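> The structure that follows is given in the form of structure tokens.
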Amino acid sequence: MKLSDLLLMSLESLFKRKVRTILTIMGVVIGTTSIVVMISLGIGMKEALLSEYESYGGLRSIEVESSGIYDDNGKEKNPEDTLLNDARIEEFMQIDHVTSVDPVLSVQVIIKCGIYECNTELLGVSRDVLEEKADALGQGSIPAEGEGLQLIWGNYMPAYFMNSRTNQYEYWDTGKAPDIDFMNDQMFVIFDTEKYYQSQYGSQDGTPVSAPKKYIIPTAGVIAGGLEDYNEDSFYVYCDIDALKAVLEREFRGRVIPGQPTRKNGKAYKELFYTRVNVNVDEMDNVTQVQQIISDMGYRAYSNAEWIESDMQIMNIIQAVLGGIGGISLFVAAIGITNTMMMSIYERTKEIGIMKVIGCRIRDIQFLFLIEAGYIGFIGGGIGILLSYALSFLMNKVLGLGAMMFDEGAKLSVIPPWLALVAVTFAALIAMLAGFLPSIRAMKLSPLAAIRAE
Amino acid sequence: MEKPVIQVKNLYKIYRIGENKVRALNGVDFTIQKGEFCCIVGTSGSGKSTLLNMMAGLEPPTKGEIIIGGEHIERKNESKLVLFRQAHVGFIFQSYNLMPNMTAVENVAMPLTFQGVPKDIRERKAIKMLKTVGLGKFLDHKPGQMSGGQQQRVGIARALVVEPEIVFADEPTGNLDSNTTLEVLNLMRKIVHEKKQTMIMVTHDNYLASFGDKVIHIRDGKIIKIDEHPGGRTENTEYENTDIYPGGTLAVPGEEIRPDENS
Ligand SMILES: Nc1ncnc2c1ncn2[C@@H]1O[C@H](COP(=O)(O)OP(=O)(O)OP(=O)(O)O)[C@@H](O)[C@H]1O
Ligand SMILES: [Mg+2]
């Protein structure tokens, strides 16, 4: 028999028994929907988790720090081998899967604005990283290259300013942050914090210390958002790394820059080393591998990968359990299909016998029943997918469960196209599996006995 | 003489029901030539249907050989048998056995569908065949909308549409009245003769059997007599003139003994 005839004949025999067909299909619809919705919850949870990690600062980046210039026995290592400089960056770039390496120079500074002051970390980052923040800015712009030291403020920063008269962080006490206009107020930056505190509170040996130099540093931009809008830049103050280097070298000429490593004799190195570098990897799955290589090279390397991996494992288990619960209803539906097909064979015993006598191949008889079962699975699966999308929409948008349980904009239930495709195929396959036993039965019917049956 | 198209040698069929053995066929030998119209006649329970079904490969024999066109039917498995029937055999049933929710055309086209013939060709052939059996006006009728005689014509059309070399018919007129019986019988004979097809018909009616080129009389699973009169009884006028349908009342004394009473 031709395939088109097989397909048509199976479809016709489904149509002949409308009510029963509809009921059987309904079973598959419910089965498919429950599997898909359950798995979509798992996927939604995973995605919410991943985006949370993303906001913690990248899923594909590794933070690398020097492990110090002394080895386990207290012997000084060759600083060239352990400290982070441009030669190191070149080395890291050579590792497979590494797409870029961004140096970070971090210094502790005090920034004063009127009566307020803030003790914070100032992060010197490369131009590439700085320019990536352009879209996140709410005010101002990224300073052009060579414009000297300018600051980019995180949107949470006002909360970290202390009233120097009362020594109180107003935001934490009153919930109202100091009214600082980064763009227009004059911001004084003090790099030599030790000297500043000594001048304020007196030095250890009691000799008065003069106040260190204050630099008026203009603000180039402020990250968008208020004090409730968390993002990965909220807590930081950024600037161009080269501009920062220049200022530091001028300020601490001949002295040790705070935070920089020193020689054994307490003297400064000629070179300015990076506080850390961020190694960016092409894919999440390669992070662990690259991280291992860097650790083996003798550096401290951190990434979210380990957390994510173990979290994802738990998520996968949850997802499998959810899918399994959904699977039970598809299993019940499959039994329904077997039952329906069996009934239909009993009813059609005579018909099958006649077909065999007038020359229908045994194989074709089996195909007819398998295809019929396949139709039930396919149609049921298809409707099930549509229903799943509707339910998913209802949960996410109408009820807003995702936003309720996770963040704004997060979805509780996510049905990617592959899931829809797999679900329909799976439903059709399961249905055909359910139709297999009946199809064998139809195949084995003796034509003569079948014709005699009433 | 030409090689026979059907050879049956020493054929036995024994049904076992509990302790009892029913010898439905008890050693049968005969041959049928190509183009012959052969009738198998005997009383109820004599084993006619059993013989026919075995020749059509619907039932395996207990012992013996059935050779059709040089092929041993008894050695074929189910799927080979279906292929054999698909290629060489047409089957006409007593109770028509049409598909109730298909039209006449669809019913007749069905064996062609099984052969994989494209839709337009099989419909054309089915319509032509239905016209040949005189049902040109009933193409789209379903079996429930036709008389018994019309339904059997559909059955005949379905058996002959694939132009089989051999046509088996088990009491094809058993459910029809006397006039219709003759119409249907003559129709079958005419088509089969034209196409030089071999036909084997089972009947319990000696009178109808006498239309055959060869008449095999069977009783209790054994052949008691084979009549050969090539050409058979020709168009019968005597029959149409009789008031009483001879077939209905014909009963040879002694043939009423049931085989199971004997065993
Ligand atoms: N499947 C079977 N199981 C057991 N016995 C059977 C079976 N089929 C037929 N028989 C027996 O075999 C014998 C011959 O049966 P068969 O059907 O061939 O008779 P028949 O000549 O066609 O009769 P009828 O004219 O009534 O159709 C009968 O005694 C019957 O009871
Ligand atoms: Mg019979």
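All residue names refer to the structure tokens as shown: chains lettered A, B, ... in order, residues numbered from 1 in each chain, ligands numbered from 1 in order.
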May I ask you to extract the residues of chain B within 12 Å of chain A, using only C-alpha atoms, and to give them as number ranges by chain?

B: 49-50, 52-54, 56-60, 77-102, 106-119, 155-156, 158-162, 164, 167-168

> Take the residues that were just selected and, keeping C-alpha atoms, output them as an mmCIF file, in the first residue's frame.


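Dumped to part30.cif:
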data_model
loop_
_atom_site.group_PDB
_atom_site.id
_atom_site.type_symbol
_atom_site.label_atom_id
_atom_site.label_comp_id
_atom_site.auth_asym_id
_atom_site.auth_seq_id
_atom_site.Cartn_x
_atom_site.Cartn_y
_atom_site.Cartn_z
ATOM 1 C CA SER B 49 -15.747 -24.473 2.366
ATOM 2 C CA THR B 50 -12.795 -26.101 4.064
ATOM 3 C CA LEU B 52 -11.957 -23.814 -0.879
ATOM 4 C CA ASN B 53 -10.371 -21.941 2.028
ATOM 5 C CA MET B 54 -7.327 -24.160 1.877
ATOM 6 C CA ALA B 56 -7.119 -19.807 -1.188
ATOM 7 C CA GLY B 57 -4.497 -20.184 1.511
ATOM 8 C CA LEU B 58 -6.814 -19.050 4.277
ATOM 9 C CA GLU B 59 -6.307 -22.214 6.280
ATOM 10 C CA PRO B 60 -3.397 -24.631 6.394
ATOM 11 C CA ASN B 77 3.644 -18.368 5.492
ATOM 12 C CA GLU B 78 0.971 -15.776 6.223
ATOM 13 C CA SER B 79 2.650 -12.851 4.566
ATOM 14 C CA LYS B 80 3.612 -14.845 1.458
ATOM 15 C CA LEU B 81 0.016 -16.014 1.225
ATOM 16 C CA VAL B 82 -1.267 -12.461 1.317
ATOM 17 C CA LEU B 83 1.108 -11.549 -1.484
ATOM 18 C CA PHE B 84 -0.028 -14.617 -3.406
ATOM 19 C CA ARG B 85 -3.687 -13.675 -2.986
ATOM 20 C CA GLN B 86 -2.927 -10.079 -3.878
ATOM 21 C CA ALA B 87 -1.323 -11.162 -7.145
ATOM 22 C CA HIS B 88 -3.415 -14.152 -8.273
ATOM 23 C CA VAL B 89 -6.656 -14.557 -6.368
ATOM 24 C CA GLY B 90 -10.083 -12.991 -6.182
ATOM 25 C CA PHE B 91 -12.506 -14.075 -3.479
ATOM 26 C CA ILE B 92 -16.295 -13.829 -3.489
ATOM 27 C CA PHE B 93 -18.130 -14.401 -0.216
ATOM 28 C CA GLN B 94 -21.603 -15.711 0.458
ATOM 29 C CA SER B 95 -22.414 -12.810 2.743
ATOM 30 C CA TYR B 96 -20.770 -10.248 0.391
ATOM 31 C CA ASN B 97 -18.508 -8.894 3.153
ATOM 32 C CA LEU B 98 -18.421 -5.360 1.830
ATOM 33 C CA MET B 99 -17.130 -2.487 3.957
ATOM 34 C CA PRO B 100 -20.360 -0.929 5.259
ATOM 35 C CA ASN B 101 -19.202 2.683 5.302
ATOM 36 C CA MET B 102 -17.577 2.699 1.903
ATOM 37 C CA GLU B 106 -14.435 2.539 -2.768
ATOM 38 C CA ASN B 107 -15.201 -1.084 -2.001
ATOM 39 C CA VAL B 108 -14.247 -2.237 -5.467
ATOM 40 C CA ALA B 109 -11.101 -0.098 -5.487
ATOM 41 C CA MET B 110 -9.881 -1.526 -2.195
ATOM 42 C CA PRO B 111 -7.848 -4.495 -3.512
ATOM 43 C CA LEU B 112 -6.140 -2.079 -5.902
ATOM 44 C CA THR B 113 -5.317 0.194 -2.956
ATOM 45 C CA PHE B 114 -3.651 -2.753 -1.264
ATOM 46 C CA GLN B 115 -1.627 -3.321 -4.414
ATOM 47 C CA GLY B 116 -0.447 0.293 -4.305
ATOM 48 C CA VAL B 117 -2.271 1.444 -7.422
ATOM 49 C CA PRO B 118 -2.593 5.264 -7.608
ATOM 50 C CA LYS B 119 -5.982 6.704 -6.726
ATOM 51 C CA GLY B 155 -18.529 -8.239 -4.317
ATOM 52 C CA ILE B 156 -17.921 -9.782 -7.736
ATOM 53 C CA ARG B 158 -14.217 -6.291 -6.100
ATOM 54 C CA ALA B 159 -12.943 -9.821 -6.711
ATOM 55 C CA LEU B 160 -12.449 -9.312 -10.423
ATOM 56 C CA VAL B 161 -11.111 -5.768 -10.551
ATOM 57 C CA VAL B 162 -7.530 -6.944 -10.011
ATOM 58 C CA PRO B 164 -6.982 -12.395 -10.914
ATOM 59 C CA VAL B 167 -11.511 -16.638 -8.597
ATOM 60 C CA PHE B 168 -12.803 -18.436 -5.540
#

> Hey, which residues sit close to ligand 2? Say within 10 Å, counting only C-alpha atoms and all ligand atoms, and write them as an NGL selection string.

:B and (42-53 or 94 or 170-171 or 174 or 202-204)

> Could you save those same residues with all heavy atoms as a tab-separated table (two decimals), in the first residue's frame?


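As a result, selection.tsv now contains:
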chain	number	residue	atom	x	y	z
B	42	GLY	N	-21.92	-30.34	-2.54
B	42	GLY	CA	-22.10	-31.34	-1.49
B	42	GLY	C	-23.03	-30.78	-0.44
B	42	GLY	O	-23.37	-29.58	-0.48
B	43	THR	N	-23.45	-31.60	0.48
B	43	THR	CA	-24.39	-31.13	1.50
B	43	THR	C	-23.66	-30.30	2.54
B	43	THR	O	-22.43	-30.22	2.54
B	43	THR	CB	-25.04	-32.32	2.23
B	43	THR	OG1	-23.99	-33.21	2.60
B	43	THR	CG2	-26.05	-33.01	1.35
B	44	SER	N	-24.44	-29.74	3.39
B	44	SER	CA	-23.88	-28.92	4.46
B	44	SER	C	-22.96	-29.77	5.33
B	44	SER	O	-23.30	-30.90	5.68
B	44	SER	CB	-25.02	-28.35	5.29
B	44	SER	OG	-24.52	-27.47	6.23
B	45	GLY	N	-21.80	-29.26	5.63
B	45	GLY	CA	-20.86	-29.97	6.49
B	45	GLY	C	-20.01	-30.99	5.76
B	45	GLY	O	-19.22	-31.70	6.38
B	46	SER	N	-20.13	-31.06	4.45
B	46	SER	CA	-19.36	-32.06	3.72
B	46	SER	C	-17.90	-31.67	3.52
B	46	SER	O	-17.08	-32.50	3.13
B	46	SER	CB	-20.01	-32.32	2.36
B	46	SER	OG	-20.14	-31.10	1.66
B	47	GLY	N	-17.56	-30.40	3.77
B	47	GLY	CA	-16.15	-29.98	3.69
B	47	GLY	C	-15.84	-29.08	2.51
B	47	GLY	O	-14.66	-28.85	2.21
B	48	LYS	N	-16.88	-28.56	1.85
B	48	LYS	CA	-16.66	-27.73	0.66
B	48	LYS	C	-15.88	-26.46	1.01
B	48	LYS	O	-14.86	-26.14	0.38
B	48	LYS	CB	-18.01	-27.33	0.03
B	48	LYS	CG	-18.96	-28.47	-0.23
B	48	LYS	CD	-20.30	-27.98	-0.74
B	48	LYS	CE	-21.06	-27.07	0.21
B	48	LYS	NZ	-21.79	-27.77	1.28
B	49	SER	N	-16.39	-25.74	2.00
B	49	SER	CA	-15.75	-24.47	2.37
B	49	SER	C	-14.31	-24.71	2.82
B	49	SER	O	-13.40	-23.96	2.47
B	49	SER	CB	-16.52	-23.78	3.48
B	49	SER	OG	-17.79	-23.40	3.01
B	50	THR	N	-14.14	-25.77	3.58
B	50	THR	CA	-12.80	-26.10	4.06
B	50	THR	C	-11.84	-26.26	2.89
B	50	THR	O	-10.73	-25.71	2.89
B	50	THR	CB	-12.85	-27.39	4.89
B	50	THR	OG1	-13.86	-27.26	5.88
B	50	THR	CG2	-11.52	-27.69	5.55
B	51	LEU	N	-12.29	-26.98	1.88
B	51	LEU	CA	-11.46	-27.20	0.70
B	51	LEU	C	-11.12	-25.89	0.00
B	51	LEU	O	-9.96	-25.61	-0.34
B	51	LEU	CB	-12.20	-28.15	-0.26
B	51	LEU	CG	-11.52	-28.49	-1.56
B	51	LEU	CD1	-10.15	-29.11	-1.31
B	51	LEU	CD2	-12.39	-29.44	-2.40
B	52	LEU	N	-12.16	-25.08	-0.18
B	52	LEU	CA	-11.96	-23.81	-0.88
B	52	LEU	C	-11.00	-22.90	-0.11
B	52	LEU	O	-10.08	-22.31	-0.68
B	52	LEU	CB	-13.31	-23.11	-1.06
B	52	LEU	CG	-13.29	-21.95	-2.04
B	52	LEU	CD1	-13.31	-22.48	-3.47
B	52	LEU	CD2	-14.45	-21.01	-1.80
B	53	ASN	N	-11.21	-22.81	1.20
B	53	ASN	CA	-10.37	-21.94	2.03
B	53	ASN	C	-8.92	-22.38	1.98
B	53	ASN	O	-8.01	-21.54	1.96
B	53	ASN	CB	-10.86	-21.96	3.47
B	53	ASN	CG	-12.20	-21.26	3.61
B	53	ASN	OD1	-12.56	-20.44	2.75
B	53	ASN	ND2	-12.95	-21.59	4.64
B	94	GLN	N	-20.15	-15.51	0.45
B	94	GLN	CA	-21.60	-15.71	0.46
B	94	GLN	C	-22.31	-14.48	1.02
B	94	GLN	O	-23.29	-14.01	0.46
B	94	GLN	CB	-21.96	-16.93	1.32
B	94	GLN	CG	-23.46	-17.11	1.46
B	94	GLN	CD	-23.84	-18.36	2.25
B	94	GLN	OE1	-22.97	-19.12	2.67
B	94	GLN	NE2	-25.13	-18.57	2.42
B	170	ASP	N	-17.43	-18.75	-2.52
B	170	ASP	CA	-18.05	-19.68	-1.58
B	170	ASP	C	-19.54	-19.35	-1.48
B	170	ASP	O	-19.91	-18.34	-0.88
B	170	ASP	CB	-17.38	-19.56	-0.21
B	170	ASP	CG	-17.78	-20.71	0.71
B	170	ASP	OD1	-18.71	-21.45	0.34
B	170	ASP	OD2	-17.16	-20.85	1.78
B	171	GLU	N	-20.37	-20.19	-2.09
B	171	GLU	CA	-21.83	-19.98	-2.11
B	171	GLU	C	-22.16	-18.54	-2.47
B	171	GLU	O	-22.85	-17.86	-1.72
B	171	GLU	CB	-22.43	-20.29	-0.73
B	171	GLU	CG	-22.01	-21.64	-0.21
B	171	GLU	CD	-23.17	-22.63	-0.09
B	171	GLU	OE1	-24.21	-22.36	-0.73
B	171	GLU	OE2	-23.01	-23.63	0.60
B	174	GLY	N	-25.80	-17.84	-2.31
B	174	GLY	CA	-26.51	-18.46	-1.20
B	174	GLY	C	-27.57	-17.57	-0.56
B	174	GLY	O	-28.54	-18.07	-0.01
B	202	VAL	N	-18.18	-22.89	-4.80
B	202	VAL	CA	-18.76	-23.87	-3.88
B	202	VAL	C	-20.27	-23.66	-3.83
B	202	VAL	O	-20.74	-22.52	-3.77
B	202	VAL	CB	-18.15	-23.70	-2.48
B	202	VAL	CG1	-19.05	-24.33	-1.43
B	202	VAL	CG2	-16.76	-24.28	-2.42
B	203	THR	N	-21.02	-24.74	-3.91
B	203	THR	CA	-22.47	-24.63	-3.76
B	203	THR	C	-23.00	-25.93	-3.17
B	203	THR	O	-22.35	-26.97	-3.25
B	203	THR	CB	-23.14	-24.31	-5.11
B	203	THR	OG1	-24.55	-24.33	-4.94
B	203	THR	CG2	-22.76	-25.31	-6.17
B	204	HIS	N	-24.15	-25.85	-2.55
B	204	HIS	CA	-24.76	-27.09	-2.08
B	204	HIS	C	-25.86	-27.52	-3.05
B	204	HIS	O	-26.58	-28.47	-2.82
B	204	HIS	CB	-25.33	-26.91	-0.66
B	204	HIS	CG	-26.38	-25.84	-0.59
B	204	HIS	ND1	-26.08	-24.54	-0.28
B	204	HIS	CD2	-27.71	-25.89	-0.82
B	204	HIS	CE1	-27.19	-23.82	-0.31
B	204	HIS	NE2	-28.20	-24.62	-0.65

> With only C-alpha atoms as the basis for distance, which of B:Ile67, B:Ile200, B:Leu11, B:Leu182 is at the shortest distance from Ala169 of chain B?

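Ranked by minimum distance to Ala169 of chain B, first place goes to B:Ile200.
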
> Would you mind reading off the distance between atom CA of Glu117 of chain A and atom CA of Ala246 of chain A, one decimal, in Å?

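Calculated distance between atom CA of Glu117 of chain A and atom CA of Ala246 of chain A is 23.8 Å.
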
> List as an MDAnalysis selection string the protein and nucleic acid residues near Ser234 of chain A, meaning an atom at most 10 Å away when only C-alpha atoms are counted, but skip any in the same chain fewer than 2 places from it.

chainID A and resid 153:157 222:232 236:237

> If you measure from atom CA of Phe37 of chain B to atom 11 (C, counted along the ligand's line) of ligand 1, what distance in Å do you get, rounded to one decimal?

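Atom 11 (C, counted along the ligand's line) of ligand 1 lies at a distance of 25.4 Å from atom CA of Phe37 of chain B.
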
> Pick out the closest residue to His141 of chain B from this set: B:Asn26, B:Ser210, B:Ala104, B:Val215. Count only C-alpha atoms.

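Once distances to His141 of chain B are computed over only C-alpha atoms, the minimum belongs to B:Ala104.
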
> Would you pick out the contacts of segment 316-324 of chain A at 8 Å or less, using only C-alpha atoms, so that residues sharing its chain but fewer than 4 positions from it are not included, and give the list as a ChimeraX atom specification?

/A:35-36,38-39,41-43,312,328

> How about saving the chosen residues, C-alpha atoms kept, as a short mmCIF file (atom, residue, chain, number, x, y, z; two decimals), in the first residue's frame?


data_model
loop_
_atom_site.label_atom_id
_atom_site.label_comp_id
_atom_site.auth_asym_id
_atom_site.auth_seq_id
_atom_site.Cartn_x
_atom_site.Cartn_y
_atom_site.Cartn_z
CA ILE A 35 4.86 17.08 31.22
CA VAL A 36 5.51 20.29 29.31
CA MET A 38 6.21 20.76 34.68
CA ILE A 39 9.42 20.90 32.66
CA LEU A 41 8.68 25.33 35.49
CA GLY A 42 12.09 23.71 35.82
CA ILE A 43 13.44 25.70 32.90
CA MET A 312 22.26 23.40 38.05
CA ILE A 328 2.67 9.63 34.93
#

> Which one of B:Arg124, B:Arg189, B:Lys222, B:Lys63 sits closest to ligand 1 if you count only C-alpha atoms and all ligand atoms?

B:Lys222

> What's the 10 Å shell around Val279 of chain A, counting only C-alpha atoms, without same-chain residues fewer than 3 positions away, as number ranges by chain?

A: 60-64, 89, 92-93, 98-103, 276, 287, 290-291, 294, 301, 303

> From the options A:Phe436, A:Leu386, A:Phe15, A:Arg452, which residue's atoms come nearest to ligand 1, counting only C-alpha atoms and all ligand atoms?

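Distance minimum relative to ligand 1 lands on A:Arg452.
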
> In Å, with one decimal, what is the gap from atom CA of Ala305 of chain A to atom CA of Leu49 of chain A?

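Atom-to-atom, atom CA of Ala305 of chain A to atom CA of Leu49 of chain A, that is 12.7 Å.
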
> If you run DSSP on this backbone, which residues of segment 156-281 of chain A come out as helix (DSSP H, G or I), and could you give them as a PyMOL selection string?

chain A and resi 157-160+170-174+193-201+241-251

> I'd like the contact shell of Ser126 of chain A - 12 Å cut-off, only C-alpha atoms, skipping same-chain residues fewer than 4 positions apart - returned as a PyMOL selection string.

chain A and resi 86+100-105+130-133+145+238-245+274+277-278

> So, counting only C-alpha atoms and all ligand atoms, which residue among B:Ile223, B:Glu2, B:Gly69, B:Gly212 is closest to ligand 1?

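Of B:Ile223, B:Glu2, B:Gly69, B:Gly212, the one nearest ligand 1 is B:Ile223, counting only C-alpha atoms and all ligand atoms.
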
> Which one of B:Gln145, B:Thr132, B:Ala24, B:Lys34 sits closest to Met188 of chain B if you count only C-alpha atoms?

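Selected residue with least distance to Met188 of chain B: B:Thr132.
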
> Per DSSP on the backbone, filter segment 114-195 of chain A down to the residues in strand (DSSP E) and report them as a list of chain:residue names.

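Matching residues for strand (DSSP E) in segment 114-195 of chain A are A:Tyr116, A:Glu117, A:Cys118, A:Asn119, A:Thr120, A:Glu121, A:Leu122, A:Leu123, A:Gly124, A:Val125, A:Leu137, A:Gly138, A:Gln139, A:Gly140, A:Leu151, A:Ile152, A:Trp153, A:Met162, A:Asn163, A:Phe188, A:Val189, A:Ile190.
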